[in-house]
file input-v4.txt (compact mmCIF, C-alpha atoms)
# COMPACT_ATOMS: atom_id res chain seq x y z
CA MET S 1 6.71 4.27 -9.13
CA ILE S 2 5.87 2.14 -6.11
CA ILE S 3 4.42 -1.35 -5.43
CA ALA S 4 1.20 -1.59 -3.40
CA ASP S 5 -0.18 -4.47 -1.38
CA ALA S 6 -3.94 -4.93 -1.01
CA SER S 7 -4.29 -3.27 2.42
CA VAL S 8 -3.29 0.22 1.24
CA LEU S 9 -5.61 0.04 -1.77
CA ILE S 10 -8.55 -1.15 0.32
CA ALA S 11 -7.98 1.38 3.13
CA LEU S 12 -7.46 4.41 0.88
CA ALA S 13 -10.35 3.43 -1.39
CA LYS S 14 -12.69 3.15 1.62
CA MET S 15 -11.45 6.54 2.82
CA ARG S 16 -12.00 8.05 -0.66
CA MET S 17 -8.30 8.94 -0.80
CA LEU S 18 -6.97 6.38 -3.30
CA ASP S 19 -5.91 9.13 -5.73
CA LEU S 20 -3.26 10.21 -3.20
CA LEU S 21 -1.17 7.26 -4.41
CA ASN S 22 -1.17 8.71 -7.92
CA SER S 23 -0.48 12.24 -6.67
CA VAL S 24 2.45 11.18 -4.50
CA TYR S 25 4.04 8.31 -6.45
CA GLY S 26 2.77 8.57 -10.03
CA HIS S 27 2.35 5.03 -11.34
CA VAL S 28 1.50 2.31 -8.85
CA LEU S 29 2.15 -1.34 -9.61
CA ILE S 30 0.24 -4.28 -8.14
CA GLY S 31 0.55 -8.00 -8.70
CA PRO S 32 -2.22 -10.15 -10.19
CA GLN S 33 -2.94 -11.62 -6.74
CA VAL S 34 -3.47 -8.15 -5.24
CA LYS S 35 -5.86 -7.35 -8.09
CA ALA S 36 -7.72 -10.59 -7.35
CA GLU S 37 -7.91 -9.73 -3.62
CA THR S 38 -9.04 -6.14 -4.12
CA VAL S 39 -11.06 -6.00 -7.33
CA ASP S 40 -12.28 -9.53 -8.07
CA ALA S 41 -13.05 -10.50 -4.47
CA GLY S 42 -14.17 -6.93 -3.70
CA ARG S 43 -16.69 -7.00 -6.51
CA ARG S 44 -18.10 -10.35 -5.31
CA ILE S 45 -18.84 -8.92 -1.86
CA SER S 46 -19.72 -5.38 -3.02
CA ALA S 47 -16.84 -3.99 -0.94
CA PRO S 48 -16.89 -0.24 -0.37
CA GLY S 49 -14.35 1.49 -2.59
CA VAL S 50 -13.87 -1.31 -5.13
CA GLU S 51 -15.13 0.99 -7.89
CA ARG S 52 -12.35 3.47 -7.07
CA ILE S 53 -9.71 0.77 -7.52
CA GLU S 54 -11.31 -0.23 -10.83
CA LYS S 55 -11.30 3.42 -11.95
CA ALA S 56 -7.60 3.74 -11.07
CA LEU S 57 -6.90 0.66 -13.22
CA ASP S 58 -9.00 2.11 -16.05
CA ASP S 59 -7.21 5.47 -15.73
CA GLY S 60 -3.89 3.64 -16.09
CA TRP S 61 -1.98 4.99 -13.10
CA LEU S 62 -2.65 1.74 -11.22
CA GLN S 63 -1.27 -1.14 -13.25
CA VAL S 64 -1.19 -4.91 -12.84
CA ALA S 65 2.35 -6.24 -13.31
CA ARG S 66 3.10 -9.27 -15.41
CA LEU S 67 5.36 -11.39 -13.20
CA SER S 68 8.58 -12.84 -14.59
CA SER S 69 9.29 -16.50 -13.88
CA LYS S 70 11.89 -15.38 -11.30
CA GLU S 71 9.26 -13.18 -9.55
CA GLU S 72 6.79 -16.08 -9.55
CA SER S 73 9.44 -18.38 -8.07
CA THR S 74 10.31 -15.81 -5.39
CA THR S 75 6.60 -15.41 -4.58
CA HIS S 76 6.17 -19.17 -4.07
CA SER S 77 9.31 -19.28 -1.94
CA ILE S 78 8.07 -16.44 0.29
CA VAL S 79 4.65 -18.09 0.72
CA SER S 80 6.20 -21.44 1.69
CA LYS S 81 9.00 -20.06 3.90
CA GLY S 82 7.41 -16.91 5.29
CA GLY S 83 3.83 -18.01 5.75
CA LEU S 84 2.62 -14.81 4.08
CA ASP S 85 -0.43 -14.67 1.88
CA ALA S 86 0.11 -14.71 -1.88
CA GLY S 87 -0.62 -10.99 -2.34
CA GLU S 88 1.95 -9.88 0.22
CA ALA S 89 4.51 -12.36 -1.11
CA GLU S 90 3.93 -11.19 -4.68
CA SER S 91 4.26 -7.53 -3.65
CA ILE S 92 7.57 -8.20 -1.90
CA ALA S 93 8.86 -10.29 -4.83
CA LEU S 94 7.99 -7.50 -7.28
CA ALA S 95 9.60 -4.83 -5.12
CA SER S 96 12.73 -6.93 -4.64
CA SER S 97 13.22 -7.77 -8.29
CA ARG S 98 12.36 -4.30 -9.61
CA ARG S 99 14.15 -2.42 -6.82
CA LEU S 100 11.06 -0.43 -5.86
CA MET S 101 9.56 0.54 -2.52
CA VAL S 102 6.51 -1.45 -1.41
CA ILE S 103 3.57 -0.37 0.74
CA LEU S 104 2.83 -3.05 3.36
CA ASP S 105 0.81 -2.83 6.56
CA ASP S 106 1.16 -6.41 7.82
CA ARG S 107 3.89 -6.78 10.45
CA ALA S 108 5.03 -10.23 9.28
CA ALA S 109 5.22 -9.00 5.67
CA ARG S 110 7.29 -6.00 6.76
CA SER S 111 9.67 -8.27 8.66
CA PHE S 112 10.09 -10.47 5.61
CA ALA S 113 10.66 -7.44 3.38
CA GLU S 114 13.29 -6.16 5.80
CA VAL S 115 15.14 -9.49 5.74
CA MET S 116 15.12 -9.36 1.93
CA GLY S 117 16.44 -5.78 1.91
CA VAL S 118 13.23 -4.39 0.41
CA THR S 119 12.35 -0.80 1.33
CA PHE S 120 8.79 -0.47 2.61
CA LEU S 121 6.36 1.88 4.26
CA GLY S 122 2.81 1.55 5.52
CA THR S 123 -0.40 3.36 4.66
CA ALA S 124 0.27 5.90 7.44
CA GLY S 125 3.61 6.57 5.74
CA VAL S 126 1.78 7.23 2.47
CA LEU S 127 -0.35 9.83 4.24
CA PHE S 128 2.79 11.41 5.70
CA HIS S 129 4.43 11.54 2.25
CA ALA S 130 1.26 13.19 0.90
CA PHE S 131 1.58 15.83 3.64
CA VAL S 132 5.29 16.40 2.96
CA LYS S 133 4.57 16.81 -0.76
CA LYS S 134 1.79 19.29 0.12
CA HIS S 135 -1.11 17.14 -1.09
CA LEU S 136 -2.56 17.30 2.45
CA THR S 137 -2.56 20.09 5.02
CA LEU S 138 -1.70 19.27 8.63
CA ALA S 139 -5.41 19.30 9.52
CA GLU S 140 -6.21 16.98 6.59
CA LEU S 141 -3.37 14.65 7.63
CA GLU S 142 -4.68 14.53 11.19
CA GLU S 143 -8.17 13.70 9.88
CA ALA S 144 -6.80 11.10 7.47
CA VAL S 145 -4.73 9.37 10.16
CA GLU S 146 -7.83 9.27 12.39
CA ALA S 147 -9.91 7.82 9.54
CA LEU S 148 -7.16 5.29 8.77
CA SER S 149 -7.03 4.16 12.39
CA GLN S 150 -10.76 3.43 12.14
CA THR S 151 -10.22 1.50 8.89
CA ILE S 152 -7.18 -0.64 9.81
CA TRP S 153 -5.42 -1.31 13.10
CA LEU S 154 -2.68 1.25 13.64
CA ALA S 155 -0.29 1.08 16.55
CA PRO S 156 -0.71 4.19 18.72
CA SER S 157 3.05 4.69 18.44
CA VAL S 158 2.76 4.90 14.62
CA VAL S 159 0.03 7.54 14.90
CA ALA S 160 2.12 9.50 17.43
CA VAL S 161 5.29 9.41 15.30
CA VAL S 162 3.51 10.42 12.07
CA LEU S 163 1.71 13.33 13.71
CA LYS S 164 4.80 14.45 15.66
CA LYS S 165 6.95 14.50 12.51
CA ALA S 166 4.24 16.34 10.59
CA ARG S 167 3.78 18.98 13.30
CA GLU S 168 7.55 19.51 13.47
CA ALA S 169 7.73 19.87 9.66
CA ASP S 170 4.77 22.29 9.70
CA ARG S 171 6.55 24.82 11.94

call {"tool": "encode", "arguments": {"input": "input-v4.txt", "output": "structure tokens"}}
result
Amino acid sequence: MIIADASVLIALAKMRMLDLLNSVYGHVLIGPQVKAETVDAGRRISAPGVERIEKALDDGWLQVARLSSKEESTTHSIVSKGGLDAGEAESIALASSRRLMVILDDRAARSFAEVMGVTFLGTAGVLFHAFVKKHLTLAELEEAVEALSQTIWLAPSVVAVVLKKAREADR
């Protein structure tokens, strides 16, 4: 099980690769705020891929967590101290309290997670894990990383590291 922030859901849904999360991690947990950002807001603006996120929720492998009062308190603290948006803060609070890895793409959110001792990876890391677990071939990974870099901003160094590690593992 893993926690997902909105960015990974939006990016993979747009790329028609959302099911990779299920294949690689099994159940995926999101907070109510991430659901609001991806599904509720997505539906209002007819965002591409929103129907895939809704289907994942209907299928049950993507689940909305019910936050404990401690998780809610941690979320509010992160928003006020860290300046993160509520979805990122909620994702970090969930991951911290439940001792799970979280998928975050935002640099400030990653920094905050690191300070809190929360293990994280980004969407490019998800694609790499999918390759390692043989859900993607090297060619499919290369295509997916290219598609991802057209969907969200990816540092060229991230692309280079992911592809280098994958090519080394493919030998």

call {"tool": "closest_residue", "arguments": {"input": "input-v4.txt", "among": "S:Val102, S:Ala124, S:Val50, S:Ala139", "to": "Ala155 in chain S", "atoms": "all atoms listed in the file"}}
result
S:Ala124

call {"tool": "atom_distance", "arguments": {"input": "input-v4.txt", "atom1": "CA of Glu146 in chain S", "atom2": "CA of Val159 in chain S"}}
result
8.4 Å

call {"tool": "axis_aligned_box", "arguments": {"input": "input-v4.txt", "around": "range 150-169 of chain S", "padding_each_side": "8 Å", "output": "lines of an AutoDock Vina configuration file"}}
result
center_x = -1.5
center_y = 9.3
center_z = 13.8
size_x = 34.5
size_y = 37.2
size_z = 25.8

call {"tool": "closest_residue", "arguments": {"input": "input-v4.txt", "among": "S:Ala160, S:Ala95, S:Val79, S:Ala130", "to": "Ala113 in chain S", "atoms": "all atoms listed in the file"}}
result
S:Ala95

call {"tool": "closest_residue", "arguments": {"input": "input-v4.txt", "among": "S:Ser68, S:Glu90, S:Thr74, S:Leu20", "to": "Ala56 in chain S", "atoms": "only C-alpha atoms"}}
result
S:Leu20

call {"tool": "residues_around", "arguments": {"input": "input-v4.txt", "residues": "Phe120 in chain S", "least_positions_apart": "2", "cutoff": "7 Å", "atoms": "all atoms listed in the file", "output": "count of residues only"}}
result
6

call {"tool": "residues_around", "arguments": {"input": "input-v4.txt", "residues": "Pro32 in chain S", "least_positions_apart": "5", "cutoff": "9 Å", "atoms": "all atoms listed in the file", "output": "VMD selection string"}}
result
chain S and resid 37 64 to 67 87 90

call {"tool": "closest_residue", "arguments": {"input": "input-v4.txt", "among": "S:Lys81, S:Arg52, S:Lys134, S:Lys14", "to": "Ala109 in chain S", "atoms": "only C-alpha atoms"}}
result
S:Lys81

call {"tool": "closest_residue", "arguments": {"input": "input-v4.txt", "among": "S:Ser23, S:Ser111, S:Ser97, S:Gln150", "to": "His129 in chain S", "atoms": "all atoms listed in the file"}}
result
S:Ser23

call {"tool": "atom_distance", "arguments": {"input": "input-v4.txt", "atom1": "CA of Ala13 in chain S", "atom2": "CA of Trp61 in chain S"}}
result
14.5 Å

call {"tool": "atom_distance", "arguments": {"input": "input-v4.txt", "atom1": "CA of Glu168 in chain S", "atom2": "CA of Leu100 in chain S"}}
result
28.0 Å

call {"tool": "closest_residue", "arguments": {"input": "input-v4.txt", "among": "S:Lys165, S:Leu9, S:Leu148, S:Val24", "to": "Gly42 in chain S", "atoms": "only C-alpha atoms"}}
result
S:Leu9

call {"tool": "residues_near_point", "arguments": {"input": "input-v4.txt", "point": "(3.7, 8.0, 7.0)", "cutoff": "10 Å", "atoms": "all atoms listed in the file", "output": "number ranges by chain"}}
result
S: 121-132, 141, 145, 158-159, 161-163, 165-166
